[in-house]
>>> print(open('query.cif').read())   # mmCIF, C-alpha atoms
data_start
#
loop_
_atom_site.label_atom_id
_atom_site.label_comp_id
_atom_site.auth_asym_id
_atom_site.auth_seq_id
_atom_site.Cartn_x
_atom_site.Cartn_y
_atom_site.Cartn_z
CA MET O 16 15.65 9.86 0.87
CA ALA O 17 12.24 9.53 2.40
CA LYS O 18 12.18 8.25 5.93
CA VAL O 19 9.47 6.10 7.39
CA LYS O 20 8.58 7.60 10.70
CA SER O 21 9.44 5.29 13.54
CA GLY O 22 6.14 5.58 15.35
CA LYS O 23 8.01 6.78 18.44
CA PRO O 24 6.44 9.98 19.55
CA ALA O 25 6.25 7.63 22.49
CA LYS O 26 9.39 8.59 24.34
CA THR O 27 9.65 9.40 27.99
CA ASP O 28 10.36 13.02 28.89
CA ARG O 29 13.92 12.40 30.14
CA LYS O 30 14.28 15.78 31.85
CA THR O 31 11.21 15.41 34.04
CA LYS O 32 11.01 11.60 33.97
CA LYS O 33 7.30 12.05 33.42
CA VAL O 34 5.76 9.19 31.45
CA LYS O 35 3.32 10.09 28.70
CA THR O 36 -0.11 8.49 28.52
CA PHE O 37 -1.22 7.57 25.02
CA VAL O 38 -4.95 6.98 24.57
CA LEU O 39 -5.69 4.96 21.42
CA ASP O 40 -8.75 5.29 19.21
CA THR O 41 -10.44 2.27 17.61
CA ASN O 42 -9.31 3.18 14.09
CA VAL O 43 -5.65 3.14 15.16
CA LEU O 44 -5.87 -0.44 16.40
CA LEU O 45 -7.80 -1.59 13.33
CA HIS O 46 -5.18 0.08 11.12
CA ASP O 47 -2.28 -1.57 12.97
CA PRO O 48 -3.02 -4.37 15.48
CA GLU O 49 0.51 -3.90 16.86
CA ALA O 50 -0.10 -0.21 17.63
CA MET O 51 -0.51 -0.74 21.36
CA PHE O 52 3.12 -1.97 21.54
CA SER O 53 4.56 0.99 19.59
CA PHE O 54 4.98 3.54 22.40
CA ASP O 55 8.12 2.33 24.15
CA ASP O 56 8.25 2.78 27.94
CA ASN O 57 5.10 4.88 28.23
CA LYS O 58 1.57 4.17 29.34
CA VAL O 59 -0.95 3.08 26.71
CA VAL O 60 -4.64 3.35 27.53
CA ILE O 61 -7.41 1.64 25.57
CA PRO O 62 -10.81 3.08 26.54
CA MET O 63 -13.52 0.54 27.36
CA THR O 64 -15.60 2.09 24.57
CA VAL O 65 -12.87 1.04 22.11
CA VAL O 66 -13.10 -2.53 23.39
CA GLU O 67 -16.87 -2.41 22.83
CA GLU O 68 -16.35 -1.14 19.28
CA LEU O 69 -13.81 -3.86 18.58
CA ASP O 70 -16.37 -6.39 19.79
CA SER O 71 -18.82 -5.17 17.14
CA PHE O 72 -16.15 -5.37 14.41
CA LYS O 73 -14.97 -8.90 15.20
CA ARG O 74 -18.04 -10.44 13.55
CA LEU O 75 -17.05 -9.04 10.14
CA ASN O 76 -15.30 -11.27 7.62
CA ASP O 77 -13.10 -8.50 6.20
CA GLU O 78 -9.71 -7.18 7.29
CA ARG O 79 -11.29 -5.07 10.04
CA GLY O 80 -12.93 -8.15 11.52
CA ARG O 81 -9.70 -10.14 11.42
CA ASN O 82 -7.76 -7.29 13.02
CA ALA O 83 -10.42 -6.89 15.73
CA ARG O 84 -10.17 -10.60 16.57
CA LEU O 85 -6.37 -10.40 16.60
CA ILE O 86 -6.42 -7.44 19.01
CA SER O 87 -8.82 -9.29 21.30
CA ARG O 88 -6.42 -12.24 21.43
CA LYS O 89 -3.49 -9.95 22.21
CA LEU O 90 -5.44 -8.29 25.03
CA ASP O 91 -6.42 -11.70 26.39
CA ASP O 92 -2.74 -12.72 26.40
CA LEU O 93 -1.96 -9.57 28.41
CA ARG O 94 -4.83 -10.29 30.76
CA ALA O 95 -3.18 -13.61 31.61
CA LYS O 96 -0.13 -11.65 32.84
CA GLY O 97 -1.98 -9.19 35.07
CA LYS O 98 -5.05 -7.03 35.51
CA LEU O 99 -5.74 -4.83 32.49
CA SER O 100 -7.83 -2.57 34.71
CA GLU O 101 -4.66 -1.75 36.69
CA GLY O 102 -2.16 -1.91 33.82
CA VAL O 103 -0.05 -4.79 32.52
CA PRO O 104 3.72 -4.29 32.03
CA ILE O 105 5.19 -5.01 28.57
CA LYS O 106 8.74 -5.82 27.46
CA LYS O 107 9.65 -2.27 26.43
CA GLY O 108 9.01 -1.03 29.96
CA GLY O 109 5.61 0.56 29.45
CA ILE O 110 2.18 -0.60 30.53
CA ILE O 111 -1.10 -1.25 28.73
CA LYS O 112 -4.31 -0.48 30.53
CA ILE O 113 -8.04 -0.55 29.79
CA GLU O 114 -9.79 2.51 31.24
CA MET O 115 -13.41 2.61 32.35
CA LEU O 116 -15.37 5.86 32.07
CA SER O 117 -16.45 7.42 35.35
CA PRO O 118 -20.25 7.89 35.67
CA SER O 119 -19.69 11.48 36.75
CA ALA O 120 -17.59 12.43 33.72
CA SER O 121 -19.26 14.75 31.23
CA LEU O 122 -18.59 16.79 28.11
CA PRO O 123 -19.90 20.21 27.04
CA LYS O 124 -23.50 20.10 25.78
CA GLU O 125 -22.32 20.54 22.14
CA PHE O 126 -21.01 16.95 22.19
CA SER O 127 -23.44 14.07 21.67
CA PRO O 128 -23.13 12.20 24.99
CA ASN O 129 -24.00 8.69 23.75
CA LYS O 130 -21.78 8.58 20.68
CA PRO O 131 -18.77 6.23 20.99
CA ASP O 132 -16.45 8.98 19.73
CA SER O 133 -17.58 11.31 22.51
CA MET O 134 -17.11 8.61 25.15
CA ILE O 135 -13.57 7.88 23.89
CA ILE O 136 -12.64 11.58 24.01
CA LEU O 137 -14.19 11.86 27.45
CA THR O 138 -11.98 8.98 28.63
CA ALA O 139 -8.90 10.88 27.47
CA LEU O 140 -10.15 14.05 29.20
CA GLN O 141 -10.83 12.08 32.39
CA ILE O 142 -7.23 10.85 32.48
CA LYS O 143 -5.90 14.34 31.72
CA ASN O 144 -7.81 15.67 34.72
CA LYS O 145 -5.74 13.29 36.86
CA ASN O 146 -2.72 15.46 35.97
CA GLU O 147 -1.29 12.98 33.46
CA ARG O 148 0.41 14.06 30.20
CA VAL O 149 -2.24 12.66 27.84
CA ILE O 150 -1.86 12.36 24.06
CA PHE O 151 -4.88 11.07 22.17
CA ILE O 152 -3.92 9.07 19.06
CA THR O 153 -6.52 8.86 16.29
CA LYS O 154 -6.68 8.72 12.50
CA ASP O 155 -10.00 10.58 12.55
CA ILE O 156 -9.45 14.24 11.62
CA ASN O 157 -12.71 15.41 13.22
CA LEU O 158 -11.81 13.76 16.51
CA ARG O 159 -8.48 15.55 16.52
CA ILE O 160 -10.32 18.85 16.03
CA LYS O 161 -12.71 18.07 18.91
CA CYS O 162 -9.81 17.14 21.17
CA GLU O 163 -8.09 20.42 20.52
CA LEU O 164 -11.27 22.31 21.51
CA LEU O 165 -11.24 20.41 24.80
CA GLY O 166 -7.56 21.09 25.46
CA VAL O 167 -6.53 17.46 24.95
CA GLU O 168 -3.24 17.01 23.08
CA THR O 169 -3.80 14.87 20.00
CA GLN O 170 -1.78 13.33 17.17
CA ASN O 171 -2.26 11.19 14.09
CA TYR O 172 -0.79 7.69 14.22
CA GLU O 173 2.66 8.37 12.79
CA LYS O 174 4.02 4.85 12.41
CA MET O 175 4.12 3.55 8.80
CA LYS O 176 4.00 7.04 7.28
CA VAL O 177 6.26 8.22 4.48
CA ASN O 178 7.34 11.58 3.09
CA MET O 179 5.64 11.86 -0.30
CA ASP O 180 7.91 14.70 -1.39
CA GLU O 181 10.88 12.34 -1.14
CA LEU O 182 9.22 9.09 -2.21
CA TYR O 183 11.55 6.85 -4.21
CA THR O 184 10.77 7.31 -7.92
CA GLY O 185 12.46 4.15 -9.22
CA TRP O 186 14.37 5.94 -11.99
CA LYS O 187 16.53 8.99 -12.54
CA GLU O 188 18.25 10.95 -15.28
CA ILE O 189 22.05 11.16 -15.22
CA LYS O 190 24.01 13.54 -17.44
CA VAL O 191 27.33 12.18 -18.71
CA PRO O 192 29.76 13.11 -21.51
CA GLU O 193 28.93 11.84 -24.99
CA ALA O 194 32.03 9.62 -24.89
CA THR O 195 30.64 7.87 -21.79
CA ILE O 196 27.42 7.00 -23.63
CA ASP O 197 29.53 5.61 -26.52
CA GLN O 198 31.47 3.56 -23.98
CA PHE O 199 28.24 2.22 -22.51
CA TYR O 200 27.04 1.03 -25.93
CA ARG O 201 30.46 -0.49 -26.65
CA ASP O 202 31.07 -2.26 -23.33
CA ARG O 203 27.40 -2.87 -22.50
CA LYS O 204 28.26 -1.88 -18.95
CA LEU O 205 28.96 1.37 -17.15
CA VAL O 206 30.20 2.01 -13.64
CA VAL O 207 29.21 5.42 -12.29
CA LYS O 208 29.80 7.23 -9.02
CA ASP O 209 26.10 7.98 -8.49
CA SER O 210 24.49 6.07 -5.63
CA LEU O 211 21.82 3.79 -7.12
CA TYR O 212 19.41 1.19 -5.76
CA PRO O 213 19.17 -2.35 -7.19
CA ASN O 214 16.99 -2.38 -10.35
CA GLN O 215 16.84 1.42 -10.43
CA LEU O 216 16.34 2.58 -14.03
CA VAL O 217 18.52 5.29 -15.53
CA SER O 218 18.23 7.60 -18.51
CA LEU O 219 21.73 8.62 -19.61
CA LYS O 220 21.80 12.03 -21.30
CA ASP O 221 24.59 13.93 -23.04
CA SER O 222 25.81 16.57 -20.58
CA ALA O 223 26.75 18.85 -23.48
CA GLY O 224 23.15 18.95 -24.70
CA GLY O 225 23.64 16.59 -27.63
CA SER O 226 21.03 14.10 -28.85
CA LYS O 227 22.80 10.95 -27.70
CA SER O 228 21.13 9.03 -24.89
CA ALA O 229 20.79 5.52 -23.47
CA LEU O 230 18.53 3.58 -21.12
CA ALA O 231 20.02 1.41 -18.40
CA LYS O 232 19.21 -0.56 -15.28
CA TYR O 233 21.49 -0.77 -12.25
CA SER O 234 22.62 -4.29 -11.37
CA GLN O 235 23.57 -4.83 -7.75
CA LYS O 236 25.37 -8.03 -8.70
CA GLU O 237 27.51 -6.35 -11.39
CA LYS O 238 27.83 -3.08 -9.44
CA ALA O 239 27.19 -1.32 -12.73
CA MET O 240 24.50 -0.07 -15.08
CA LEU O 241 23.55 -2.52 -17.82
CA PRO O 242 21.43 -2.10 -20.98
CA LEU O 243 17.74 -2.93 -20.64
CA PHE O 244 17.22 -6.64 -21.28
CA HIS O 245 13.84 -6.01 -22.93
CA GLN O 246 14.77 -3.25 -25.36
CA SER O 247 12.16 -3.34 -28.12
CA VAL O 248 9.46 -5.64 -26.81
CA MET O 249 5.71 -5.22 -27.31
CA PRO O 250 4.12 -7.53 -24.73
CA TRP O 251 0.73 -8.73 -25.98
CA GLY O 252 1.04 -6.17 -28.79
CA LEU O 253 1.24 -3.17 -26.42
CA GLN O 254 3.77 -0.50 -27.30
CA PRO O 255 5.17 1.81 -24.60
CA LEU O 256 4.29 5.47 -25.15
CA ASP O 257 7.03 7.09 -23.07
CA ILE O 258 10.19 6.38 -21.13
CA GLU O 259 8.31 5.61 -17.90
CA GLN O 260 6.23 2.94 -19.61
CA ARG O 261 9.39 1.49 -21.20
CA PHE O 262 11.04 1.30 -17.77
CA ALA O 263 7.91 -0.29 -16.29
CA MET O 264 7.89 -3.00 -18.98
CA GLU O 265 11.51 -3.83 -18.17
CA LEU O 266 10.61 -4.46 -14.52
CA LEU O 267 7.38 -6.31 -15.33
CA LEU O 268 9.11 -8.71 -17.74
CA CYS O 269 12.29 -9.42 -15.75
CA ASN O 270 12.01 -12.87 -14.19
CA ASP O 271 14.54 -12.14 -11.45
CA ILE O 272 12.37 -9.32 -10.06
CA ASN O 273 9.65 -10.81 -7.85
CA LEU O 274 7.95 -7.65 -6.64
CA VAL O 275 7.05 -4.54 -8.66
CA THR O 276 5.13 -1.41 -7.65
CA LEU O 277 3.70 0.99 -10.22
CA VAL O 278 2.55 4.30 -8.72
CA GLY O 279 1.21 7.28 -10.59
CA VAL O 280 -1.51 9.52 -11.93
CA PRO O 281 -4.75 8.20 -13.48
CA GLY O 282 -4.39 7.09 -17.08
CA SER O 283 -0.61 6.64 -16.92
CA GLY O 284 -0.93 3.01 -18.02
CA LYS O 285 -0.19 1.23 -14.74
CA THR O 286 -2.94 -1.40 -14.97
CA ILE O 287 -2.83 -2.08 -18.72
CA LEU O 288 0.97 -2.44 -18.68
CA ALA O 289 0.78 -4.93 -15.81
CA LEU O 290 -1.97 -6.89 -17.57
CA ALA O 291 -0.15 -6.93 -20.92
CA CYS O 292 3.08 -8.19 -19.37
CA GLY O 293 1.16 -10.69 -17.25
CA LEU O 294 -0.64 -12.08 -20.32
CA GLN O 295 2.64 -12.25 -22.23
CA GLN O 296 4.46 -14.18 -19.52
CA THR O 297 1.51 -16.41 -18.64
CA ILE O 298 -0.34 -17.17 -21.88
CA GLU O 299 2.41 -16.70 -24.48
CA GLU O 300 5.65 -17.61 -22.73
CA ARG O 301 4.18 -20.00 -20.13
CA HIS O 302 6.65 -18.77 -17.53
CA PHE O 303 3.82 -18.62 -14.99
CA ARG O 304 0.97 -21.09 -14.78
CA LYS O 305 -1.71 -18.51 -13.97
CA LEU O 306 -2.43 -14.77 -14.14
CA TYR O 307 -4.13 -13.85 -10.85
CA ILE O 308 -5.81 -10.41 -10.78
CA ALA O 309 -7.41 -8.89 -7.68
CA ARG O 310 -8.40 -5.53 -6.30
CA PRO O 311 -9.81 -4.35 -2.94
CA ILE O 312 -13.57 -3.91 -2.74
CA VAL O 313 -13.72 -0.26 -1.68
CA PRO O 314 -16.50 1.90 -3.20
CA MET O 315 -15.94 5.45 -4.42
CA GLY O 316 -18.71 7.60 -2.97
CA ARG O 317 -21.89 5.98 -1.62
CA ASP O 318 -21.99 2.19 -1.64
CA LEU O 319 -24.74 0.50 -3.67
CA GLY O 320 -25.26 -1.98 -0.88
CA PHE O 321 -26.13 -5.65 -1.41
CA LEU O 322 -25.63 -6.90 -4.96
CA PRO O 323 -27.71 -9.89 -6.17
CA GLY O 324 -26.36 -12.76 -8.24
CA THR O 325 -23.48 -15.22 -8.15
CA LYS O 326 -19.97 -14.39 -6.95
CA GLU O 327 -18.89 -13.85 -10.58
CA GLU O 328 -21.84 -11.54 -11.26
CA LYS O 329 -21.06 -9.49 -8.16
CA LEU O 330 -17.39 -9.24 -9.15
CA ASP O 331 -18.28 -7.92 -12.60
CA VAL O 332 -19.47 -4.70 -10.95
CA TRP O 333 -16.15 -4.18 -9.14
CA MET O 334 -13.82 -5.44 -11.86
CA GLY O 335 -14.99 -3.09 -14.63
CA ALA O 336 -11.56 -1.44 -14.97
CA ILE O 337 -9.87 -4.84 -15.26
CA ASN O 338 -12.40 -6.10 -17.82
CA ASP O 339 -12.08 -2.90 -19.92
CA ASN O 340 -8.32 -3.34 -20.15
CA LEU O 341 -8.57 -7.07 -20.87
CA GLU O 342 -11.04 -6.43 -23.69
CA PHE O 343 -8.66 -3.90 -25.25
CA LEU O 344 -5.67 -6.22 -24.97
CA ILE O 345 -7.51 -9.28 -26.28
CA ASP O 346 -9.01 -7.60 -29.35
CA LYS O 347 -7.46 -4.11 -29.42
CA ASP O 348 -9.87 -1.73 -31.22
CA LYS O 349 -12.02 -4.57 -32.62
CA VAL O 350 -13.95 -5.44 -29.48
CA ASP O 351 -17.08 -7.44 -30.42
CA SER O 352 -19.31 -10.20 -29.07
CA ARG O 353 -16.51 -12.76 -29.36
CA THR O 354 -14.18 -10.76 -27.11
CA GLU O 355 -16.11 -11.77 -23.99
CA GLU O 356 -16.02 -15.41 -25.14
CA LYS O 357 -12.23 -15.28 -25.43
CA ILE O 358 -11.86 -13.79 -21.95
CA ASN O 359 -14.32 -16.35 -20.52
CA TYR O 360 -12.28 -19.15 -22.11
CA LEU O 361 -9.05 -17.91 -20.48
CA VAL O 362 -10.87 -17.73 -17.14
CA SER O 363 -12.66 -21.10 -17.42
CA SER O 364 -9.43 -22.82 -18.50
CA GLY O 365 -7.71 -21.56 -15.36
CA GLN O 366 -5.17 -19.38 -17.17
CA ILE O 367 -6.66 -16.20 -15.68
CA GLU O 368 -8.30 -15.80 -12.27
CA ILE O 369 -10.05 -12.56 -11.36
CA ASP O 370 -11.01 -12.22 -7.72
CA ALA O 371 -11.80 -9.82 -4.91
CA LEU O 372 -8.84 -9.28 -2.60
CA THR O 373 -11.03 -10.39 0.30
CA TYR O 374 -10.49 -14.02 -0.69
CA ILE O 375 -6.67 -14.00 -0.81
CA ARG O 376 -6.10 -14.59 2.91
CA GLY O 377 -5.05 -18.14 3.68
CA ARG O 378 -4.08 -18.90 0.10
CA THR O 379 -0.64 -19.78 -1.26
CA LEU O 380 0.01 -18.60 -4.81
CA PRO O 381 2.86 -20.60 -6.41
CA GLN O 382 4.24 -19.82 -9.90
CA GLN O 383 1.66 -17.13 -10.55
CA TYR O 384 1.79 -13.63 -11.99
CA VAL O 385 -0.20 -11.68 -9.39
CA ILE O 386 -1.59 -8.20 -10.09
CA ILE O 387 -3.11 -6.21 -7.23
CA ASP O 388 -4.86 -3.16 -8.67
CA ASP O 389 -5.88 -0.08 -6.65
CA ALA O 390 -3.41 -1.05 -3.94
CA GLN O 391 -3.50 2.50 -2.51
CA ASN O 392 -6.68 1.45 -0.68
CA LEU O 393 -4.79 -1.11 1.40
CA THR O 394 -3.26 -0.68 4.84
CA PRO O 395 0.39 -1.65 5.46
CA HIS O 396 -0.89 -4.68 7.36
CA GLU O 397 -3.03 -5.77 4.39
CA VAL O 398 -0.11 -5.36 1.99
CA LYS O 399 2.01 -7.54 4.27
CA THR O 400 -0.73 -10.19 4.17
CA ILE O 401 -0.73 -10.12 0.36
CA ILE O 402 3.05 -10.32 -0.07
CA SER O 403 3.19 -13.23 2.35
CA ARG O 404 0.86 -15.21 0.05
CA ALA O 405 3.58 -15.49 -2.61
CA GLY O 406 4.63 -19.06 -3.30
CA LYS O 407 7.67 -20.32 -5.18
CA ASP O 408 8.43 -18.53 -8.48
CA THR O 409 5.56 -16.05 -8.03
CA LYS O 410 5.75 -12.42 -9.15
CA ILE O 411 3.58 -9.77 -7.49
CA VAL O 412 2.73 -6.41 -9.08
CA LEU O 413 0.92 -3.69 -7.12
CA THR O 414 -0.51 -0.67 -8.91
CA GLY O 415 -2.21 2.43 -7.60
CA ASP O 416 -2.47 6.19 -7.21
CA PRO O 417 -1.87 7.40 -3.61
CA TYR O 418 -4.00 10.48 -4.29
CA GLN O 419 -7.11 8.46 -5.17
CA ILE O 420 -7.87 6.79 -1.85
CA ASP O 421 -11.43 5.81 -0.95
CA SER O 422 -10.72 4.51 2.57
CA PRO O 423 -11.60 7.11 5.27
CA TYR O 424 -8.57 6.39 7.48
CA LEU O 425 -5.85 6.19 4.83
CA ASP O 426 -4.08 8.97 2.95
CA ALA O 427 -1.20 9.39 0.53
CA VAL O 428 1.43 9.07 3.26
CA SER O 429 -0.04 6.21 5.33
CA ASN O 430 -1.38 3.68 2.81
CA GLY O 431 0.19 0.28 2.27
CA LEU O 432 1.38 0.96 -1.28
CA THR O 433 3.65 3.92 -0.50
CA TYR O 434 4.80 2.23 2.72
CA LEU O 435 5.83 -0.81 0.67
CA VAL O 436 7.83 1.40 -1.73
CA GLU O 437 9.87 2.86 1.13
CA ARG O 438 10.42 -0.45 2.90
CA PHE O 439 11.46 -2.47 -0.16
CA LYS O 440 13.70 -0.01 -2.01
CA GLY O 441 17.21 -1.40 -2.01
CA GLN O 442 16.09 -5.04 -2.26
CA GLU O 443 17.49 -7.01 -5.20
CA ILE O 444 14.16 -8.67 -6.03
CA TYR O 445 12.23 -5.39 -6.12
CA GLY O 446 11.56 -2.77 -8.80
CA HIS O 447 9.50 0.41 -8.79
CA ILE O 448 8.38 3.19 -11.13
CA ILE O 449 6.47 6.40 -10.45
CA PHE O 450 4.50 7.62 -13.48
CA SER O 451 4.20 11.38 -13.83
CA LYS O 452 2.25 11.64 -17.11
CA SER O 453 -1.20 10.47 -18.16
CA ALA O 454 -1.35 8.58 -21.47
CA ARG O 455 -5.13 8.10 -21.48
CA SER O 456 -6.14 11.35 -23.17
CA LYS O 457 -5.47 15.08 -23.08
CA LEU O 458 -8.57 15.52 -20.92
CA ALA O 459 -7.42 12.88 -18.42
CA ALA O 460 -3.98 14.49 -18.27
CA LEU O 461 -5.49 17.92 -17.59
CA SER O 462 -7.72 16.53 -14.86
CA SER O 463 -4.69 15.07 -13.07
CA GLU O 464 -2.88 18.39 -13.35
CA LEU O 465 -5.68 20.86 -12.58
CA LEU O 466 -8.17 19.09 -10.31
#
>>> encode(input="query.cif", output="structure tokens")
Amino acid sequence: MAKVKSGKPAKTDRKTKKVKTFVLDTNVLLHDPEAMFSFDDNKVVIPMTVVEELDSFKRLNDERGRNARLISRKLDDLRAKGKLSEGVPIKKGGIIKIEMLSPSASLPKEFSPNKPDSMIILTALQIKNKNERVIFITKDINLRIKCELLGVETQNYEKMKVNMDELYTGWKEIKVPEATIDQFYRDRKLVVKDSLYPNQLVSLKDSAGGSKSALAKYSQKEKAMLPLFHQSVMPWGLQPLDIEQRFAMELLLCNDINLVTLVGVPGSGKTILALACGLQQTIEERHFRKLYIARPIVPMGRDLGFLPGTKEEKLDVWMGAINDNLEFLIDKDKVDSRTEEKINYLVSSGQIEIDALTYIRGRTLPQQYVIIDDAQNLTPHEVKTIISRAGKDTKIVLTGDPYQIDSPYLDAVSNGLTYLVERFKGQEIYGHIIFSKSARSKLAALSSELL
């Protein structure tokens, strides 16, 4: 099983009793506002340059701005307990200190002296020259390279990271005798010795190589594998193309599963499956009162900058993938001028809401089918914010590909989507599927495999 790293490179050297000094970069604090409290009984230093950078971020209305304001409040609370310039003790036994840069401190001429990054590195070097065991923590790869050139020990921020090689897949294949498969069909229940998570999907195969097989889902309540409840469904007319899509539909349509994550390669059907099941349960079955669809506003490549028009007109640019899938589902291969009218009607009548993820903070979403697309571009803190918006009888679905991240300080092992998978596996209200095959086209499949 994959293990989420504890974020505790921050342990005291017990043999020498020498406390480590962790110097934090701005991006670490913006990624996790609790980072300064994650280093146990060691010394945590926040360079004054970092405080200045946080001050510039706090005016923003996005997640970075909110995190910057939160960090400022936490530092102010510490200031009330002592002098940050001298170090304020915390509950775990360590101290948090803000370090000023000495006027006489300098870097080699190859470093730009007035850049904030250079001043932050110089602060770490200044502390190291005081004979302290300094470890500079940053999510910026280039800064880690520069630190190594200067002889400053450096690490990535390890808390909230997962092992992608061992990431929970959500389903597995189990080989059993043919008679066991017959028993499963007869009793509609099968107890096996394999260790399974709640709502884990299973493909039962004949161990002798025969053609008999069965699909099942593990029930924590029954302590057994049960047949799929949604065996031959076609939500909103969409037919699953492979076993992974069939498993995904089971999770997306089960009303006792409140949180679903769909992770996989481009073109595997994550978004269209979520939309089809959301439309089915909202528009057709009326189990939810609204289908709420959102995605983070993170550009791929160079940003186009300011976009004119109303909020809806701006969103059209970012929601192209959502609109493409909705058009296909509404009118299949007969998309015409009336297709947009049908979608507009569903939106204007309040049955569908399409929004930027920026606007979800502060909201409560009761009895809604919530789809968060491109969730790989979210931090663990942002994912927590989203999940906490769920009201009574709400279902949340997060989709994404961890290897298509557009945020500069996130990667496959540190984004909020994969972190959520590791933290929620084993919960009875959670289901997950990793897609390994692209269903979009042969070209799309080859691009995922070769590029």
>>> closest_residue(input="query.cif", among="O:Thr184, O:Ser226, O:Thr286, O:Gln383", to="Arg301 (chain O)", atoms="all atoms listed in the file")
O:Gln383
>>> closest_residue(input="query.cif", among="O:Ala336, O:Leu122, O:Met134, O:Met51", to="Gly284 (chain O)", atoms="all atoms listed in the file")
O:Ala336
>>> closest_residue(input="query.cif", among="O:Gln295, O:Asn273, O:Ser117, O:Asn340", to="Ala139 (chain O)", atoms="all atoms listed in the file")
O:Ser117
>>> closest_residue(input="query.cif", among="O:Cys162, O:Val103, O:Val206, O:Ile386", to="Leu137 (chain O)", atoms="only C-alpha atoms")
O:Cys162
>>> resolve_selection(input="query.cif", expression="the PyMOL selection byres ((chain O and resi 446) around 10)", output="PyMOL selection string")
chain O and resi 185-186+212-216+262-263+265-267+269+272-277+412+436+439-445+447-448
>>> closest_residue(input="query.cif", among="O:Ile110, O:Leu182, O:Val278, O:Ala231", to="Pro417 (chain O)", atoms="all atoms listed in the file")
O:Val278
